[in-house]
>>> print(open('input.csv').read())   # CSV, C-alpha atoms
chain,number,residue,atom,x,y,z
A,1,MET,CA,-8.5,-25.7,26.2
A,2,VAL,CA,-10.3,-27.1,23.1
A,3,THR,CA,-13.4,-25.0,23.8
A,4,GLN,CA,-11.4,-21.8,23.6
A,5,HIS,CA,-11.6,-22.0,19.9
A,6,CYS,CA,-15.2,-23.1,19.3
A,7,SER,CA,-16.5,-19.6,18.6
A,8,SER,CA,-15.1,-16.2,17.5
A,9,ALA,CA,-16.1,-14.6,20.8
A,10,LEU,CA,-13.8,-17.0,22.7
A,11,SER,CA,-11.0,-17.7,20.2
A,12,ALA,CA,-9.8,-14.2,19.5
A,13,PRO,CA,-8.0,-12.2,22.2
A,14,ALA,CA,-9.4,-8.9,23.3
A,15,VAL,CA,-8.3,-5.8,21.4
A,16,PRO,CA,-5.7,-4.0,23.5
A,17,THR,CA,-6.5,-0.4,24.3
A,18,ALA,CA,-3.1,0.6,22.8
A,19,TYR,CA,-3.7,-1.0,19.5
A,20,PRO,CA,-2.2,1.4,16.9
A,21,MET,CA,-4.5,3.5,14.6
A,22,ALA,CA,-3.7,4.3,11.0
A,23,LYS,CA,-3.3,7.8,9.7
A,24,PRO,CA,-6.6,9.5,9.0
A,25,GLY,CA,-8.2,8.0,5.9
A,26,TYR,CA,-6.3,4.7,6.1
A,27,GLY,CA,-6.9,1.4,7.9
A,28,LYS,CA,-10.1,-0.5,8.6
A,29,ARG,CA,-13.4,0.7,7.3
A,30,SER,CA,-16.7,-1.1,8.2
A,31,ALA,CA,-19.1,-1.8,5.4
A,32,PRO,CA,-22.8,-0.8,6.0
A,33,GLY,CA,-25.8,-3.0,6.7
A,34,GLN,CA,-24.1,-5.6,8.8
A,35,GLN,CA,-26.0,-8.0,11.1
A,36,ALA,CA,-25.7,-7.6,14.9
A,37,ARG,CA,-22.8,-9.3,16.5
A,38,THR,CA,-23.5,-12.8,18.0
A,39,ARG,CA,-21.4,-15.6,19.5
A,40,ASP,CA,-22.0,-17.7,16.3
A,41,ASP,CA,-20.3,-15.2,13.9
A,42,PHE,CA,-17.8,-16.9,11.6
A,43,ALA,CA,-18.9,-20.4,13.0
A,44,LEU,CA,-18.6,-22.0,9.5
A,45,LEU,CA,-15.0,-20.8,9.0
A,46,PRO,CA,-11.9,-22.9,9.9
A,47,THR,CA,-10.3,-22.4,13.2
A,48,ARG,CA,-7.6,-20.0,12.1
A,49,GLU,CA,-9.8,-17.9,9.9
A,50,ARG,CA,-12.4,-17.8,12.8
A,51,TYR,CA,-9.7,-16.7,15.2
A,52,VAL,CA,-8.5,-13.9,12.9
A,53,ALA,CA,-12.0,-12.8,11.9
A,54,GLY,CA,-13.1,-12.5,15.5
A,55,PHE,CA,-10.2,-10.2,16.3
A,56,VAL,CA,-10.6,-8.0,13.2
A,57,ASP,CA,-14.3,-7.6,13.7
A,58,HIS,CA,-13.7,-6.0,17.1
A,59,LEU,CA,-11.1,-3.5,15.8
A,60,PRO,CA,-12.4,0.0,15.6
A,61,ASP,CA,-12.6,1.8,12.3
A,62,GLY,CA,-9.3,3.3,11.3
A,63,ALA,CA,-7.2,0.6,13.0
A,64,VAL,CA,-4.0,-0.6,11.3
A,65,MET,CA,-4.7,-3.6,9.2
A,66,SER,CA,-1.2,-4.6,8.1
A,67,ILE,CA,-0.2,-8.2,8.3
A,68,LYS,CA,2.8,-7.4,10.4
A,69,GLN,CA,0.7,-5.6,13.0
A,70,LEU,CA,-2.0,-8.3,13.1
A,71,ALA,CA,0.6,-11.1,13.6
A,72,LYS,CA,2.1,-9.1,16.5
A,73,GLN,CA,-1.3,-9.1,18.2
A,74,LEU,CA,-2.3,-12.7,17.4
A,75,PRO,CA,0.5,-14.9,19.0
A,76,LEU,CA,-0.8,-18.2,17.7
A,77,TYR,CA,0.1,-17.5,14.0
A,78,GLY,CA,2.9,-15.8,12.1
A,79,GLN,CA,2.7,-13.3,9.3
A,80,GLN,CA,2.5,-16.0,6.5
A,81,ALA,CA,-0.5,-17.6,8.3
A,82,ILE,CA,-2.2,-14.3,8.9
A,83,SER,CA,-1.8,-13.5,5.2
A,84,THR,CA,-3.3,-16.8,4.2
A,85,ALA,CA,-6.2,-16.3,6.6
A,86,LEU,CA,-6.9,-12.8,5.1
A,87,ASN,CA,-7.0,-14.4,1.7
A,88,ALA,CA,-9.5,-16.9,2.9
A,89,LEU,CA,-11.6,-14.2,4.5
A,90,SER,CA,-11.6,-12.3,1.3
A,91,VAL,CA,-12.8,-15.4,-0.6
A,92,ALA,CA,-15.5,-15.9,2.1
A,93,GLY,CA,-16.8,-12.4,1.4
A,94,HIS,CA,-15.8,-10.6,4.6
A,95,LEU,CA,-13.2,-8.1,3.4
A,96,ARG,CA,-11.8,-6.2,0.4
A,97,ARG,CA,-8.7,-4.1,0.2
A,98,VAL,CA,-8.9,-0.9,-1.9
A,99,ARG,CA,-6.9,2.1,-2.8
A,100,CYS,CA,-8.6,5.5,-2.7
A,101,ALA,CA,-7.3,8.5,-4.6
A,102,VAL,CA,-7.2,11.4,-2.1
A,103,GLY,CA,-6.6,15.0,-3.1
A,104,ALA,CA,-6.1,16.4,-6.5
A,105,GLY,CA,-3.3,17.5,-8.8
A,106,ASP,CA,0.1,17.6,-7.1
A,107,GLU,CA,-1.5,16.9,-3.7
A,108,MET,CA,-3.1,13.6,-4.9
A,109,ARG,CA,-2.0,10.5,-3.0
A,110,TRP,CA,-3.4,6.9,-2.5
A,111,ALA,CA,-5.0,5.9,0.8
A,112,PHE,CA,-5.1,2.2,1.5
A,113,ARG,CA,-8.2,0.9,3.3
A,114,THR,CA,-9.6,-2.5,4.2
A,115,PHE,CA,-13.4,-2.7,4.0
A,116,TRP,CA,-14.7,-5.2,6.5
A,117,SER,CA,-18.1,-6.9,6.7
A,118,ARG,CA,-19.1,-9.2,9.6
A,119,THR,CA,-21.9,-10.4,7.3
A,120,ALA,CA,-20.4,-12.4,4.4
A,121,ARG,CA,-21.1,-10.7,1.0
A,122,ASP,CA,-20.9,-12.1,-2.5
A,123,ASN,CA,-19.0,-10.6,-5.4
A,124,GLU,CA,-22.0,-8.8,-6.8
A,125,TRP,CA,-22.7,-7.0,-3.5
A,126,TRP,CA,-19.0,-5.9,-3.2
A,127,THR,CA,-18.9,-4.7,-6.8
A,128,THR,CA,-22.0,-2.7,-6.4
A,129,TYR,CA,-21.0,-1.3,-3.0
A,130,LEU,CA,-17.5,-0.2,-4.1
A,131,ALA,CA,-18.9,1.3,-7.3
A,132,THR,CA,-21.3,3.3,-5.2
A,133,GLU,CA,-18.4,4.3,-2.9
A,134,ALA,CA,-16.3,5.4,-5.9
A,135,ALA,CA,-19.2,7.4,-7.3
A,136,ALA,CA,-19.7,9.2,-4.0
A,137,ARG,CA,-16.0,10.0,-3.8
A,138,THR,CA,-16.0,11.3,-7.3
A,139,ALA,CA,-19.0,13.5,-6.7
A,140,ALA,CA,-17.6,14.8,-3.4
A,141,PRO,CA,-15.1,17.7,-3.3
A,142,ALA,CA,-11.5,16.6,-3.5
A,143,GLU,CA,-10.1,15.7,-0.1
A,144,ARG,CA,-7.0,17.4,1.1
A,145,PRO,CA,-4.3,15.2,2.6
A,146,ALA,CA,-4.5,15.2,6.4
A,147,ALA,CA,-0.9,16.4,6.9
A,148,SER,CA,-1.3,19.3,4.5
A,149,VAL,CA,-2.0,22.9,5.6
A,150,PRO,CA,-4.1,25.5,3.8
A,151,PRO,CA,-2.0,27.2,1.1
A,152,ALA,CA,-0.7,30.6,2.0
A,153,PRO,CA,-2.0,33.6,0.1
A,154,ALA,CA,0.1,34.3,-2.9
A,155,PRO,CA,2.5,37.2,-2.2
A,156,ALA,CA,2.5,40.3,-4.4
A,157,ALA,CA,4.9,40.1,-7.3
A,158,VAL,CA,8.4,41.1,-6.3
A,159,PRO,CA,10.0,43.4,-8.9
A,160,GLN,CA,13.4,42.3,-10.2
A,161,GLN,CA,16.2,43.4,-8.0
A,162,ARG,CA,18.3,46.2,-9.5
A,163,THR,CA,21.5,47.8,-8.4
A,164,ALA,CA,21.7,51.5,-7.6
A,165,PRO,CA,22.4,53.6,-10.8
A,166,GLU,CA,26.0,54.6,-11.1
A,167,ALA,CA,27.2,58.1,-11.9
A,168,THR,CA,28.2,58.6,-15.5
A,169,PRO,CA,32.0,59.1,-15.5
A,170,ASP,CA,33.5,62.1,-17.1
A,171,PRO,CA,35.9,61.0,-19.9
A,172,ALA,CA,38.1,64.0,-19.3
A,173,THR,CA,38.8,63.2,-15.6
A,174,GLU,CA,38.3,59.5,-15.3
A,175,PRO,CA,41.6,57.6,-15.4
A,176,GLU,CA,41.9,54.8,-17.9
A,177,LYS,CA,41.4,51.3,-16.2
A,178,PRO,CA,43.7,48.5,-17.3
A,179,ALA,CA,42.1,45.5,-19.0
A,180,PRO,CA,41.7,42.4,-16.8
A,181,ALA,CA,44.4,39.9,-17.1
A,182,THR,CA,42.1,37.0,-17.7
A,183,THR,CA,38.5,36.6,-18.7
A,184,PRO,CA,36.4,34.9,-16.0
A,185,THR,CA,35.2,31.5,-17.0
A,186,ALA,CA,31.5,30.4,-16.7
A,187,PRO,CA,30.7,28.2,-13.8
A,188,ALA,CA,30.7,24.5,-14.5
A,189,ALA,CA,27.2,23.1,-15.4
A,190,ARG,CA,25.6,21.3,-12.5
A,191,PRO,CA,24.6,17.6,-13.1
A,192,ALA,CA,20.9,17.1,-13.9
A,193,ALA,CA,18.7,16.4,-10.9
A,194,PRO,CA,17.5,12.8,-10.6
A,195,SER,CA,14.1,12.1,-12.3
A,196,PRO,CA,11.0,11.1,-10.2
A,197,ALA,CA,11.3,7.6,-11.7
A,198,TYR,CA,14.9,7.3,-10.5
A,199,LEU,CA,14.0,8.6,-7.0
A,200,ALA,CA,11.1,6.2,-6.7
A,201,LEU,CA,13.4,3.3,-7.5
A,202,ALA,CA,16.0,4.5,-5.0
A,203,GLU,CA,13.3,4.7,-2.3
A,204,LEU,CA,12.4,1.0,-2.7
A,205,GLY,CA,15.3,-0.1,-0.4
A,206,ARG,CA,14.1,2.2,2.3
A,207,LYS,CA,10.6,0.9,2.2
A,208,ASP,CA,11.8,-2.7,2.2
A,209,ILE,CA,15.4,-3.9,2.4
A,210,ARG,CA,14.6,-6.8,0.1
A,211,LEU,CA,14.3,-4.4,-2.8
A,212,ALA,CA,17.5,-2.4,-2.2
A,213,LEU,CA,18.9,-1.3,-5.6
A,214,SER,CA,22.3,0.2,-6.5
A,215,ALA,CA,22.8,3.4,-8.4
A,216,ASP,CA,23.5,1.4,-11.6
A,217,ASP,CA,20.3,-0.7,-11.0
A,218,CYS,CA,18.2,2.5,-10.7
A,219,ALA,CA,19.7,4.0,-13.8
A,220,ALA,CA,19.0,0.8,-15.8
A,221,LEU,CA,15.4,0.4,-14.5
A,222,GLU,CA,14.6,4.2,-14.8
A,223,PRO,CA,13.1,4.0,-18.3
A,224,HIS,CA,10.7,1.2,-17.1
A,225,ALA,CA,9.6,3.2,-14.1
A,226,ALA,CA,9.2,6.4,-16.2
A,227,ALA,CA,6.8,4.4,-18.4
A,228,TRP,CA,4.6,4.0,-15.3
A,229,LEU,CA,4.6,7.7,-14.5
A,230,ALA,CA,3.9,8.5,-18.1
A,231,ARG,CA,0.6,6.6,-17.7
A,232,GLY,CA,-0.6,9.0,-15.0
A,233,VAL,CA,0.3,7.1,-11.8
A,234,THR,CA,2.1,8.8,-8.9
A,235,THR,CA,5.4,7.8,-7.4
A,236,ASP,CA,3.6,6.7,-4.2
A,237,TYR,CA,1.4,4.4,-6.3
A,238,LEU,CA,4.5,3.0,-8.1
A,239,ILE,CA,6.4,2.3,-4.9
A,240,ALA,CA,3.3,0.6,-3.3
A,241,ALA,CA,2.8,-1.6,-6.4
A,242,LEU,CA,6.4,-2.7,-6.4
A,243,THR,CA,6.6,-3.5,-2.7
A,244,ALA,CA,3.2,-5.1,-2.1
A,245,GLY,CA,3.1,-8.8,-1.4
A,246,LEU,CA,6.8,-9.5,-1.5
A,247,PRO,CA,8.0,-13.1,-1.1
A,248,ALA,CA,10.0,-14.0,2.0
A,249,GLN,CA,13.3,-13.7,0.1
A,250,VAL,CA,14.2,-11.8,-3.0
A,251,ASP,CA,17.4,-13.3,-4.5
A,252,CYS,CA,18.0,-10.7,-7.2
A,253,PRO,CA,16.2,-7.4,-6.5
A,254,PRO,CA,17.0,-5.8,-9.9
A,255,ARG,CA,15.6,-8.7,-11.8
A,256,PHE,CA,12.6,-8.9,-9.5
A,257,VAL,CA,11.8,-5.2,-9.9
A,258,ARG,CA,12.2,-5.3,-13.6
A,259,ARG,CA,9.7,-8.2,-13.8
A,260,ARG,CA,7.2,-6.3,-11.7
A,261,LEU,CA,7.6,-3.2,-13.7
A,262,THR,CA,6.8,-5.2,-16.8
A,263,ASP,CA,4.0,-7.4,-15.5
A,264,LYS,CA,2.1,-5.0,-13.3
A,265,ILE,CA,2.2,-1.8,-15.4
A,266,SER,CA,-1.1,0.1,-15.5
A,267,PRO,CA,-3.1,0.1,-18.7
A,268,GLN,CA,-2.4,2.7,-21.3
A,269,LEU,CA,-5.1,5.4,-21.4
A,270,PRO,CA,-6.1,6.9,-24.7
A,271,ASP,CA,-4.2,10.0,-25.8
A,272,GLY,CA,-5.8,13.4,-25.6
A,273,PRO,CA,-7.6,15.2,-22.8
A,274,ALA,CA,-10.4,13.3,-21.1
A,275,SER,CA,-13.9,14.5,-21.6
A,276,PRO,CA,-15.2,16.9,-18.9
A,277,GLY,CA,-17.8,14.5,-17.8
A,278,THR,CA,-15.4,11.6,-17.2
A,279,PRO,CA,-13.6,12.1,-13.8
A,280,ALA,CA,-10.5,10.1,-13.1
A,281,PRO,CA,-11.0,6.9,-11.2
A,282,ARG,CA,-10.7,7.5,-7.4
A,283,LEU,CA,-11.1,4.0,-6.1
A,284,LEU,CA,-9.3,0.8,-7.1
A,285,MET,CA,-9.6,-2.6,-5.4
A,286,GLU,CA,-6.3,-4.5,-4.9
A,287,CYS,CA,-5.6,-8.2,-4.7
A,288,THR,CA,-5.7,-9.2,-1.0
A,289,ASP,CA,-2.7,-11.5,-1.6
A,290,CYS,CA,-0.2,-9.7,-3.9
A,291,GLY,CA,-1.6,-6.2,-4.0
A,292,ARG,CA,-2.2,-6.0,-7.8
A,293,PRO,CA,-4.7,-3.1,-8.4
A,294,GLY,CA,-7.8,-3.4,-10.6
A,295,GLN,CA,-11.5,-2.8,-10.9
A,296,PRO,CA,-13.8,-4.8,-8.5
A,297,GLU,CA,-15.3,-6.8,-11.3
A,298,ALA,CA,-11.7,-7.9,-12.4
A,299,LEU,CA,-10.9,-9.2,-8.9
A,300,PRO,CA,-13.6,-11.7,-7.9
A,301,ASP,CA,-13.2,-12.9,-4.3
A,302,GLY,CA,-10.8,-10.0,-3.9
A,303,LEU,CA,-8.0,-11.9,-5.6
A,304,CYS,CA,-6.3,-11.5,-9.0
A,305,ARG,CA,-6.3,-14.4,-11.5
A,306,PRO,CA,-3.0,-15.9,-10.5
A,307,CYS,CA,-3.6,-15.7,-6.8
A,308,ARG,CA,-7.2,-17.0,-7.2
A,309,ALA,CA,-5.8,-20.0,-9.2
A,310,ALA,CA,-3.3,-20.7,-6.5
A,311,HIS,CA,-5.9,-20.5,-3.8
A,312,SER,CA,-8.3,-22.8,-5.7
A,313,ALA,CA,-5.6,-25.3,-6.3
A,314,GLY,CA,-4.7,-25.4,-2.6
A,315,GLY,CA,-1.2,-24.0,-3.2
A,316,ARG,CA,-0.7,-23.5,0.5
A,317,PRO,CA,-1.1,-26.3,3.0
A,318,PRO,CA,-4.2,-26.1,5.3
A,319,SER,CA,-3.6,-24.6,8.7
A,320,PRO,CA,-3.3,-27.1,11.5
A,321,ASP,CA,-5.6,-26.9,14.5
A,322,PRO,CA,-4.0,-25.4,17.6
A,323,THR,CA,-5.0,-28.5,19.6
A,324,GLU,CA,-3.2,-30.7,17.1
A,325,ILE,CA,-0.1,-28.5,17.5
A,326,ALA,CA,-0.2,-28.9,21.3
A,327,ALA,CA,-0.7,-32.6,21.0
A,328,VAL,CA,2.4,-32.9,18.7
A,329,LYS,CA,4.5,-30.8,21.0
A,330,ALA,CA,3.4,-33.0,24.0
A,331,HIS,CA,4.3,-36.1,22.1
A,332,MET,CA,7.7,-34.8,21.1
A,333,THR,CA,8.4,-33.8,24.7
A,334,ASN,CA,7.4,-37.3,25.9
A,335,LEU,CA,9.8,-38.9,23.3
A,336,ARG,CA,12.7,-36.7,24.5
A,337,GLY,CA,12.0,-37.7,28.0
A,338,LEU,CA,12.1,-41.4,27.0
A,339,LEU,CA,15.4,-40.9,25.2
A,340,LYS,CA,17.0,-39.4,28.3
A,341,ALA,CA,15.8,-42.2,30.5
A,342,PRO,CA,18.5,-44.8,31.5
>>> encode(input="input.csv", output="structure tokens")
Amino acid sequence: MVTQHCSSALSAPAVPTAYPMAKPGYGKRSAPGQQARTRDDFALLPTRERYVAGFVDHLPDGAVMSIKQLAKQLPLYGQQAISTALNALSVAGHLRRVRCAVGAGDEMRWAFRTFWSRTARDNEWWTTYLATEAAARTAAPAERPAASVPPAPAPAAVPQQRTAPEATPDPATEPEKPAPATTPTAPAARPAAPSPAYLALAELGRKDIRLALSADDCAALEPHAAAWLARGVTTDYLIAALTAGLPAQVDCPPRFVRRRLTDKISPQLPDGPASPGTPAPRLLMECTDCGRPGQPEALPDGLCRPCRAAHSAGGRPPSPDPTEIAAVKAHMTNLRGLLKAP
């Protein structure tokens, strides 16, 4: 049993044929220039990271890369262990998580991708590669969302509806009409529609029950969320930034959301129209651990400063070897048997 985890080829289970694929444009994306696959790939990594890396390496491009889905396919480890392993693989230079701006104008959305390299790369290589990828995306025509359809041709202008002309009454023959008893009142004004910031906050609870907010909470936090939208981000981006990397339990959702709205707000862009030669950024790296977005050079090892400090300080305990887990379970079973003996 010990030899099953001595190499990536033996440790990771085979990718099932029914493994789910992400929507077009999302999921895993293989980096170029990788070395050929061998049995010694990831040999220098710890057991858990070698196990996860061997599985991810065999996933096809476009496969779902969420922690929840990976944990479902890798029975030896739970979601927290998979998350920690992905952080370690990011530090080792095998993956980077990014957000790509897709589309333009009202149709722009963020596509989330995980770039994967079997060959470990340093920070300089990733920064250069992602900058080249961003430049290529900026130069290419704007992508249309996969689910959208070509716009229909604009219909001809419809003239304002008019009623048929009425015959002019003859004052001599037309009987005098009595005045109406009451003057009709104007219809009551409808309440204003919820703002995009309010709707985004209300959507948080549907995305993750840990961030469920009441109507009063949404109203109180609406100005903070509106400040994000005023800086040019979309509601999809706002929701993703608030729900990324949540802790296992959120004791006070309003206070947690308020803190994230304050701490993770995007930088203020200078006022005035951008110069014609300066396109909007179309690719951002995100922290592999908490999902905080930023430029590649600001996230060395694929981690933001707080997460990188926690990783360097060994904030999380090292993963136990599966053989050690099996030995402990066998020992406990033996102790229980001794306690039951007469």
>>> atom_distance(input="input.csv", atom1="CA of Ser214 (chain A)", atom2="CA of Arg99 (chain A)")
29.5 Å
>>> atom_distance(input="input.csv", atom1="CA of Gly62 (chain A)", atom2="CA of Pro16 (chain A)")
14.7 Å
>>> atom_distance(input="input.csv", atom1="CA of His224 (chain A)", atom2="CA of Leu246 (chain A)")
19.3 Å
>>> closest_residue(input="input.csv", among="A:Val91, A:Ala225, A:Cys287, A:Ala120", to="Ala43 (chain A)", atoms="all atoms listed in the file")
A:Ala120
>>> closest_residue(input="input.csv", among="A:Arg118, A:Arg29, A:Lys68, A:Arg113", to="Leu89 (chain A)", atoms="only C-alpha atoms")
A:Arg118
>>> residues_around(input="input.csv", residues="Thr17 (chain A)", least_positions_apart="3", cutoff="12 Å", atoms="only C-alpha atoms", output="PyMOL selection string")
chain A and resi 14+20-21+58-60+63+73
